[in-house]
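Engineer: To start, I am sharing the structure in question, which I have written as structure tokens.
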Amino acid sequence: MFPSLLSRVASPLLTTACTSTASSQQQAAAPHPQALRLPPPPGNNYKPIATTLVAAAAAGLLLLSPAPAPSRADPEFTVYYGTAASAANYGGYGGNASKKDTAEYVYDVPEGWKERLVSKVEKGTNGTDSEFFNPRKRAEKEYLTFLSGIRALAPLSAVLDNLALSDVGLQDQIATADDVRSAERADGAGQVYYEYEVAGAGAHSLISVTCARNKLYAHFVTAPNAEWSRDEAMLRRLHESFKTIQPGAPPPATET
């Protein structure tokens, strides 16, 4: 009875063990399969699939991302040194004298604006000493006129009308103006300036007038209304930058 039972139990175990042994021997005897390497497709444009997918995704993001809004940098400025030379000294004092060393007034000029050459006749008739204009719109400009032999300012209400006598454009602007404002101010050195703002039908002007060195200086900033609406902040800076230089005082340093 016991041998018969043992034979029934041992037989499946022996069969499984033999089968496992035979399988191991067959696997050991069978040669290992070698990995096959497929050649890349012809041509030099082969790229890994992952790199191609990353590049495609980046291109898609660029197409879907909104373009950045263009930034408009603030314009830069330089200081103009004016000598207010008489018509007899047109073209400068000669020698090695620089305009900075002999300057009687200064004002800011926007980068890119052009200087208009003032003729000797014009300097002698209406006293125009310097002028700059916007090359994109020549009517947008700033300029300075001066008159010799004036020791002090007339009343605030009379100066503007006197200036218009030699400036036809200013006459027309005042005649059609919707609003004319005037004010008086003094700088840190006690120099008195008259300030005028003329809002005309077609143009806008800012005017600053003062007396120094027995001369009357009038600085004008003017622009058509369309340019005024666009460049008001810049034009007001030009207006506020004008000042005369006291005799013996060092000229201001150039600013940008």
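Note on naming: chains are A, B, ... as they come in the structure tokens, residues start from 1 per chain, ligands start from 1 in the order shown.
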Near Val198 of chain A, counting only C-alpha atoms, which residues have an atom at most 12 Å away, once you skip same-chain residues fewer than 3 positions from it, shown as number ranges by chain?
Structural biologist: A: 160, 164, 169-182, 195, 201-208, 220-225, 228
Engineer: Extract the full set of strand (DSSP E) residues from segment 71-221 of chain A according to DSSP on the backbone, and format it as a tab-separated table (two decimals) with N, CA and C atoms, in the first residue's frame.
Structural biologist:
chain	number	residue	atom	x	y	z
A	77	PHE	N	17.17	113.34	-25.71
A	77	PHE	CA	17.31	114.76	-25.96
A	77	PHE	C	18.77	115.18	-25.83
A	78	THR	N	19.13	116.24	-26.51
A	78	THR	CA	20.43	116.87	-26.34
A	78	THR	C	20.20	118.35	-26.05
A	79	VAL	N	21.19	118.99	-25.47
A	79	VAL	CA	21.09	120.39	-25.13
A	79	VAL	C	21.68	121.23	-26.25
A	80	TYR	N	20.91	122.22	-26.69
A	80	TYR	CA	21.41	123.16	-27.69
A	80	TYR	C	21.92	124.42	-26.97
A	81	TYR	N	23.11	124.85	-27.34
A	81	TYR	CA	23.72	126.05	-26.76
A	81	TYR	C	23.62	127.18	-27.77
A	82	GLY	N	22.83	128.21	-27.44
A	82	GLY	CA	22.63	129.34	-28.34
A	82	GLY	C	23.44	130.54	-27.93
A	105	TYR	N	21.95	131.05	-23.87
A	105	TYR	CA	20.73	130.33	-23.51
A	105	TYR	C	20.88	128.87	-23.93
A	106	VAL	N	20.02	128.03	-23.38
A	106	VAL	CA	20.01	126.60	-23.73
A	106	VAL	C	18.57	126.12	-23.81
A	107	TYR	N	18.36	125.05	-24.57
A	107	TYR	CA	17.08	124.33	-24.57
A	107	TYR	C	17.31	122.93	-25.12
A	108	ASP	N	16.40	122.03	-24.79
A	108	ASP	CA	16.50	120.64	-25.24
A	108	ASP	C	16.02	120.50	-26.67
A	109	VAL	N	16.63	119.55	-27.39
A	109	VAL	CA	16.24	119.22	-28.76
A	109	VAL	C	16.03	117.71	-28.83
A	110	PRO	N	14.90	117.23	-29.34
A	110	PRO	CA	14.69	115.78	-29.45
A	110	PRO	C	15.65	115.14	-30.43
A	114	LYS	N	15.98	118.10	-36.94
A	114	LYS	CA	16.98	118.72	-37.80
A	114	LYS	C	17.06	120.22	-37.52
A	115	GLU	N	18.26	120.75	-37.64
A	115	GLU	CA	18.45	122.19	-37.47
A	115	GLU	C	18.28	122.89	-38.81
A	128	THR	N	15.56	135.88	-35.47
A	128	THR	CA	15.62	134.43	-35.29
A	128	THR	C	17.06	133.99	-35.12
A	129	ASP	N	17.35	133.27	-34.06
A	129	ASP	CA	18.73	132.86	-33.77
A	129	ASP	C	18.95	131.37	-34.01
A	130	SER	N	17.94	130.56	-33.77
A	130	SER	CA	18.09	129.11	-33.96
A	130	SER	C	16.72	128.49	-34.18
A	131	GLU	N	16.71	127.35	-34.88
A	131	GLU	CA	15.44	126.66	-35.13
A	131	GLU	C	15.70	125.18	-35.41
A	132	PHE	N	14.86	124.34	-34.85
A	132	PHE	CA	14.89	122.89	-35.10
A	132	PHE	C	13.49	122.44	-35.44
A	133	PHE	N	13.40	121.40	-36.28
A	133	PHE	CA	12.09	120.91	-36.71
A	133	PHE	C	12.10	119.39	-36.79
A	134	ASN	N	10.90	118.85	-36.72
A	134	ASN	CA	10.70	117.41	-36.88
A	134	ASN	C	10.69	117.09	-38.37
A	137	LYS	N	7.38	116.03	-39.82
A	137	LYS	CA	6.33	117.05	-39.89
A	137	LYS	C	6.98	118.38	-39.61
A	138	ARG	N	7.38	119.09	-40.65
A	138	ARG	CA	8.20	120.29	-40.50
A	138	ARG	C	7.49	121.39	-39.69
A	139	ALA	N	6.16	121.36	-39.65
A	139	ALA	CA	5.44	122.38	-38.88
A	139	ALA	C	5.57	122.16	-37.38
A	140	GLU	N	6.05	121.01	-36.96
A	140	GLU	CA	6.33	120.75	-35.53
A	140	GLU	C	7.77	121.19	-35.27
A	141	LYS	N	7.95	122.25	-34.51
A	141	LYS	CA	9.29	122.84	-34.41
A	141	LYS	C	9.44	123.64	-33.13
A	142	GLU	N	10.67	124.03	-32.87
A	142	GLU	CA	10.99	124.96	-31.79
A	142	GLU	C	12.05	125.92	-32.32
A	143	TYR	N	11.96	127.17	-31.88
A	143	TYR	CA	12.92	128.17	-32.34
A	143	TYR	C	13.02	129.28	-31.32
A	144	LEU	N	14.05	130.09	-31.45
A	144	LEU	CA	14.28	131.19	-30.53
A	144	LEU	C	14.56	132.47	-31.30
A	145	THR	N	13.94	133.54	-30.86
A	145	THR	CA	14.21	134.87	-31.40
A	145	THR	C	14.70	135.76	-30.27
A	146	PHE	N	15.46	136.80	-30.62
A	146	PHE	CA	15.93	137.73	-29.59
A	146	PHE	C	15.96	139.15	-30.17
A	147	LEU	N	15.83	140.12	-29.28
A	147	LEU	CA	15.90	141.53	-29.63
A	147	LEU	C	16.87	142.21	-28.67
A	148	SER	N	17.79	142.95	-29.22
A	148	SER	CA	18.78	143.64	-28.39
A	148	SER	C	18.25	144.98	-27.90
A	179	ASP	N	-8.14	129.64	-26.92
A	179	ASP	CA	-7.74	129.93	-25.55
A	179	ASP	C	-6.31	130.45	-25.56
A	180	VAL	N	-6.03	131.49	-24.79
A	180	VAL	CA	-4.68	132.03	-24.60
A	180	VAL	C	-4.45	132.17	-23.11
A	181	ARG	N	-3.43	131.50	-22.61
A	181	ARG	CA	-3.13	131.53	-21.19
A	181	ARG	C	-1.76	132.17	-20.98
A	182	SER	N	-1.60	132.85	-19.87
A	182	SER	CA	-0.33	133.50	-19.55
A	182	SER	C	-0.04	133.32	-18.06
A	183	ALA	N	1.24	133.28	-17.73
A	183	ALA	CA	1.66	133.12	-16.35
A	183	ALA	C	3.07	133.68	-16.21
A	184	GLU	N	3.47	133.90	-14.98
A	184	GLU	CA	4.80	134.41	-14.68
A	184	GLU	C	5.47	133.48	-13.69
A	185	ARG	N	6.73	133.21	-13.91
A	185	ARG	CA	7.48	132.34	-13.00
A	185	ARG	C	8.90	132.87	-12.86
A	186	ALA	N	9.57	132.43	-11.82
A	186	ALA	CA	10.97	132.78	-11.59
A	186	ALA	C	11.76	131.51	-11.29
A	192	VAL	N	13.14	136.04	-14.15
A	192	VAL	CA	11.70	136.04	-14.38
A	192	VAL	C	11.40	135.64	-15.82
A	193	TYR	N	10.43	134.73	-16.00
A	193	TYR	CA	9.99	134.27	-17.32
A	193	TYR	C	8.49	134.49	-17.44
A	194	TYR	N	8.07	134.95	-18.60
A	194	TYR	CA	6.66	134.99	-18.94
A	194	TYR	C	6.34	133.73	-19.75
A	195	GLU	N	5.26	133.04	-19.39
A	195	GLU	CA	4.86	131.82	-20.08
A	195	GLU	C	3.51	132.04	-20.76
A	196	TYR	N	3.43	131.64	-22.03
A	196	TYR	CA	2.19	131.77	-22.79
A	196	TYR	C	1.86	130.43	-23.44
A	197	GLU	N	0.56	130.13	-23.47
A	197	GLU	CA	0.07	128.94	-24.18
A	197	GLU	C	-1.09	129.38	-25.07
A	198	VAL	N	-0.92	129.15	-26.37
A	198	VAL	CA	-1.91	129.58	-27.36
A	198	VAL	C	-2.48	128.33	-28.04
A	199	ALA	N	-3.77	128.07	-27.81
A	199	ALA	CA	-4.46	126.95	-28.43
A	199	ALA	C	-5.25	127.47	-29.62
A	203	ALA	N	-3.20	124.98	-34.71
A	203	ALA	CA	-1.91	124.67	-34.09
A	203	ALA	C	-1.93	125.06	-32.62
A	204	HIS	N	-0.94	124.55	-31.91
A	204	HIS	CA	-0.79	124.80	-30.47
A	204	HIS	C	0.63	125.30	-30.23
A	205	SER	N	0.78	126.37	-29.43
A	205	SER	CA	2.10	126.95	-29.19
A	205	SER	C	2.34	127.18	-27.71
A	206	LEU	N	3.60	126.98	-27.30
A	206	LEU	CA	4.08	127.30	-25.97
A	206	LEU	C	5.22	128.30	-26.14
A	207	ILE	N	5.15	129.41	-25.41
A	207	ILE	CA	6.11	130.49	-25.58
A	207	ILE	C	6.66	130.89	-24.22
A	208	SER	N	7.97	131.07	-24.16
A	208	SER	CA	8.63	131.51	-22.94
A	208	SER	C	9.47	132.73	-23.27
A	209	VAL	N	9.30	133.81	-22.49
A	209	VAL	CA	9.97	135.08	-22.76
A	209	VAL	C	10.68	135.56	-21.50
A	210	THR	N	11.91	136.08	-21.68
A	210	THR	CA	12.65	136.63	-20.55
A	210	THR	C	13.63	137.68	-21.05
A	211	CYS	N	14.17	138.46	-20.13
A	211	CYS	CA	15.17	139.47	-20.44
A	211	CYS	C	16.46	139.18	-19.67
A	212	ALA	N	17.58	139.29	-20.37
A	212	ALA	CA	18.90	139.13	-19.75
A	212	ALA	C	19.93	139.72	-20.71
A	215	LYS	N	18.90	141.97	-23.49
A	215	LYS	CA	18.24	141.35	-24.64
A	215	LYS	C	16.94	140.71	-24.19
A	216	LEU	N	16.00	140.64	-25.10
A	216	LEU	CA	14.77	139.90	-24.86
A	216	LEU	C	14.85	138.59	-25.65
A	217	TYR	N	14.68	137.47	-24.96
A	217	TYR	CA	14.72	136.14	-25.58
A	217	TYR	C	13.31	135.56	-25.58
A	218	ALA	N	12.89	135.04	-26.71
A	218	ALA	CA	11.57	134.39	-26.81
A	218	ALA	C	11.75	133.00	-27.42
A	219	HIS	N	11.38	131.99	-26.66
A	219	HIS	CA	11.52	130.59	-27.10
A	219	HIS	C	10.13	130.06	-27.46
A	220	PHE	N	10.00	129.51	-28.65
A	220	PHE	CA	8.72	129.03	-29.17
A	220	PHE	C	8.77	127.52	-29.39
A	221	VAL	N	7.70	126.84	-29.00
A	221	VAL	CA	7.46	125.43	-29.33
A	221	VAL	C	6.08	125.37	-29.94
Engineer: Using DSSP on the backbone coordinates, identify all residues within segment 89-193 of chain A classified as alpha helix (DSSP H); present the result as a VMD selection string.
Structural biologist: chain A and resid 120 to 126 156 to 164 168 to 175
Engineer: Restricting the output to C-alpha atoms, write the selected residues as a PDB file, in the first residue's frame.
Structural biologist:
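After the write, again11.pdb holds the following:
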ATOM      1  CA  LYS A 120      21.850 136.446 -42.050  1.00  0.00           C
ATOM      2  CA  VAL A 121      18.922 138.491 -43.396  1.00  0.00           C
ATOM      3  CA  GLU A 122      16.422 136.609 -41.253  1.00  0.00           C
ATOM      4  CA  LYS A 123      18.597 137.071 -38.181  1.00  0.00           C
ATOM      5  CA  GLY A 124      18.806 140.793 -38.843  1.00  0.00           C
ATOM      6  CA  THR A 125      15.080 141.348 -39.494  1.00  0.00           C
ATOM      7  CA  ASN A 126      13.085 139.285 -36.999  1.00  0.00           C
ATOM      8  CA  LEU A 156       2.619 140.420 -19.166  1.00  0.00           C
ATOM      9  CA  SER A 157      -0.417 141.281 -21.308  1.00  0.00           C
ATOM     10  CA  ALA A 158       1.595 143.392 -23.779  1.00  0.00           C
ATOM     11  CA  VAL A 159       4.589 141.159 -24.556  1.00  0.00           C
ATOM     12  CA  LEU A 160       2.724 138.555 -26.594  1.00  0.00           C
ATOM     13  CA  ASP A 161       1.156 141.165 -28.885  1.00  0.00           C
ATOM     14  CA  ASN A 162       4.555 142.761 -29.431  1.00  0.00           C
ATOM     15  CA  LEU A 163       6.051 139.407 -30.405  1.00  0.00           C
ATOM     16  CA  ALA A 164       3.262 138.798 -32.905  1.00  0.00           C
ATOM     17  CA  VAL A 168       2.742 136.462 -39.100  1.00  0.00           C
ATOM     18  CA  GLY A 169       2.106 132.869 -38.118  1.00  0.00           C
ATOM     19  CA  LEU A 170       1.784 133.824 -34.475  1.00  0.00           C
ATOM     20  CA  GLN A 171      -0.587 136.676 -35.401  1.00  0.00           C
ATOM     21  CA  ASP A 172      -2.907 134.262 -37.207  1.00  0.00           C
ATOM     22  CA  GLN A 173      -2.727 131.757 -34.388  1.00  0.00           C
ATOM     23  CA  ILE A 174      -3.646 134.354 -31.764  1.00  0.00           C
ATOM     24  CA  ALA A 175      -6.463 135.734 -33.944  1.00  0.00           C
TER      25      ALA A 175
END
Engineer: Expressed in Å to a single decimal, how great is the separation between atom CA of Pro135 of chain A and atom CA of Trp113 of chain A?
Structural biologist: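 Computing the Euclidean distance for atom CA of Pro135 of chain A and atom CA of Trp113 of chain A yields 6.2 Å.
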Engineer: How far is it from atom CA of Glu227 of chain A to atom CA of Ser119 of chain A, in Å with one decimal?
Structural biologist: 27.1 Å
Engineer: Grab the atom CA of Gly149 of chain A to atom CA of Arg213 of chain A distance for me, in Å with one decimal place.
Structural biologist: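 Separating atom CA of Gly149 of chain A from atom CA of Arg213 of chain A is a distance of 8.8 Å.
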